[in-house]
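Engineer: Below is a structure I'd like to ask you about.
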Amino acid sequence: MAEKIEYHSISNKGSTATISLKGGVVTSWTVPSGEVAFDVIDGYATDEEVTEGNGARSAILAPWSNRIRDSRYQWNGVSYDLGPDEDGVRDGLHGLFVGRDFQLIEAGPNWALLQSEVGADELGESYEEGKLAYPAALKVTVRYQLDFLQQRWQLGIRVNVQNLGSEVAPIALGWHPYIRYDGPRAQSSITMRARTQVRIDEGKIPLDGPEAFEPAEGWDEESGVLTLSAPQDLDRAYTDLTTTTGVEATSSAFLNHASGATTEVRASVAGSGKRGSGVFHVFTGEGLAHRVRESVAIEFCRFMPNIMNRPEFAQEISVEPNKSRTMDVYLIHTPPQK
């Protein structure tokens with residue numbers, strides 16, 4: 001028998017988002033679109049899909065996003081080992097909170113606050129050579145909110161991760177929503193101000209040092225815009241989202257639908273401005289178990305994959321005991337204009 005999943009829904013002016021408390025993920029976000037409702041997010045469609053977790057749909061990526069080479073990393077002189085996944089694969093994929101149980105802490109008509117923890121007892125010496133998986137216990141708080149602004153529908157997510165341990169811990173966040181195509185994929189495009197793409201090896205791990213970066217295919221120097229037309233066969237991070245350093249800025253990626261609608265993924269970007277700090281990761285869904293190529297994942301991640309093994313970012317991802325790191329991302333959907 002499939003696990004019984006608990007859900008919570010929030011609404012605002014005809015827009016509704018449904019959230020699974022397993023994983024703390026949005027499974028659906030419908031908005032008015034002409035005479036019908038359009039489900040912007042292609043989340044898990046059934047309890048069975050939530051339990052299966054294929055594709056990490058709408059996953060909260062914490063305390064890191066995407067892959068870690070061989071599930072191993074060094075932090076402050078200590079070796080850590082995340083071990084293999086249930087299929088025996090060692091890629092350290094998507095952090096510690098995918099598929100975990102969340103609690104609904106507080107809610108209003110158009111917002112909800114969820115929370116989950118990874119305790120110190122879950123980081124024990126359970127992998128080869130008796131190495132720990134991670135240096136600190138963590139608490140994740142996720143707030144979802146629906147708004148209607150200037151004839152556009154908005155789903156906002158704020159992720160806050162607190163270091164509950166006694167050691168400095170590496171924290172680098174991300175969010176993994178799949179956006180459903182409104183009309184044929186072949187007539188859609190993705191646009192963003194990202195002039196660099198991340199080069200990866202056969203294991204989808206970025207190359208070491210500056211070799212990890214190359215000019216983005218589809219980047220137009222004159223307009224300053226990267227265009228990915230009829231996106232397919234992509235599982236790639238794009239960076240150099242902003243020229244601003246040291247202060248917070250925003251950057252956006254747009255899915256331009258065949259119907260004339262647009263869905264914007266807007267995120268706050270802050271930090272050193274180094275390449276690999278602030279990325280949009282595009283995954284077009286080849287190999288998914290369900291609804292292949294019916295949607296595209298446009299994931300905002302604070303840092304590039306394998307960040308735990310890139311010492312040039314060690315200071316940026318460090319979070320002191322009892323301190324937190326926060327990430328804000330917004331999906332903004334504009335229906336087709338009449």
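Quick note on naming: the chains in the structure tokens go A, B, ... in the order shown, residues restart at 1 in each chain, and ligands are numbered from 1 in order of appearance.
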So which bits of range 102-217 of chain A end up helix (DSSP H, G or I) when you DSSP the backbone, as a ChimeraX atom specification?
Structural biologist: /A:120-123,128-130,185-187,209-212
Engineer: Hey, what does DSSP flag as strand (DSSP E) within range 205-248 of chain A? Can you give it to me as a list of chain:residue names?
Structural biologist: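 For range 205-248 of chain A, the strand (DSSP E) set is A:Phe213, A:Glu214, A:Pro215, A:Trp219, A:Asp220, A:Val225, A:Leu226, A:Thr227, A:Leu228, A:Ser229, A:Asp235, A:Arg236, A:Ala237, A:Tyr238, A:Thr239.
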Engineer: Just the residues within 8 Å of Tyr144 in chain A, please, counting only C-alpha atoms, with nothing from its chain fewer than 5 positions along; format it as a PyMOL selection string.
Structural biologist: chain A and resi 111-113+155-158
Engineer: Under the rule of at most 8 Å, produce a per-residue listing of range 172-207 of chain A near range 28-47 of chain A: chain, number, name, the closest pair of atoms, and the distance in Å, as a Markdown table, using only C-alpha atoms.
Structural biologist:
| residue | atom | partner | partner_atom | distance |
| --- | --- | --- | --- | --- |
| A:Pro177 | CA | A:Ile41 | CA | 6.8 |
| A:Tyr178 | CA | A:Asp42 | CA | 5.3 |
| A:Ile179 | CA | A:Ile41 | CA | 4.8 |
| A:Arg180 | CA | A:Asp42 | CA | 5.4 |
| A:Tyr181 | CA | A:Val40 | CA | 8.0 |
| A:Asp182 | CA | A:Phe38 | CA | 7.9 |
Engineer: Within 9 Å of Ala172 in chain A, counting only C-alpha atoms, which residues qualify if same-chain residues fewer than 3 places away don't, as a list in words?
Structural biologist: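 Near neighbours after the sequence-gap exclusion: Leu61, Ala62, Pro63, Trp64, Ser65, Cys301, Arg302, Phe303, Ile307, Met308, Glu316, Ile317, Ser318 and Arg325 of chain A.
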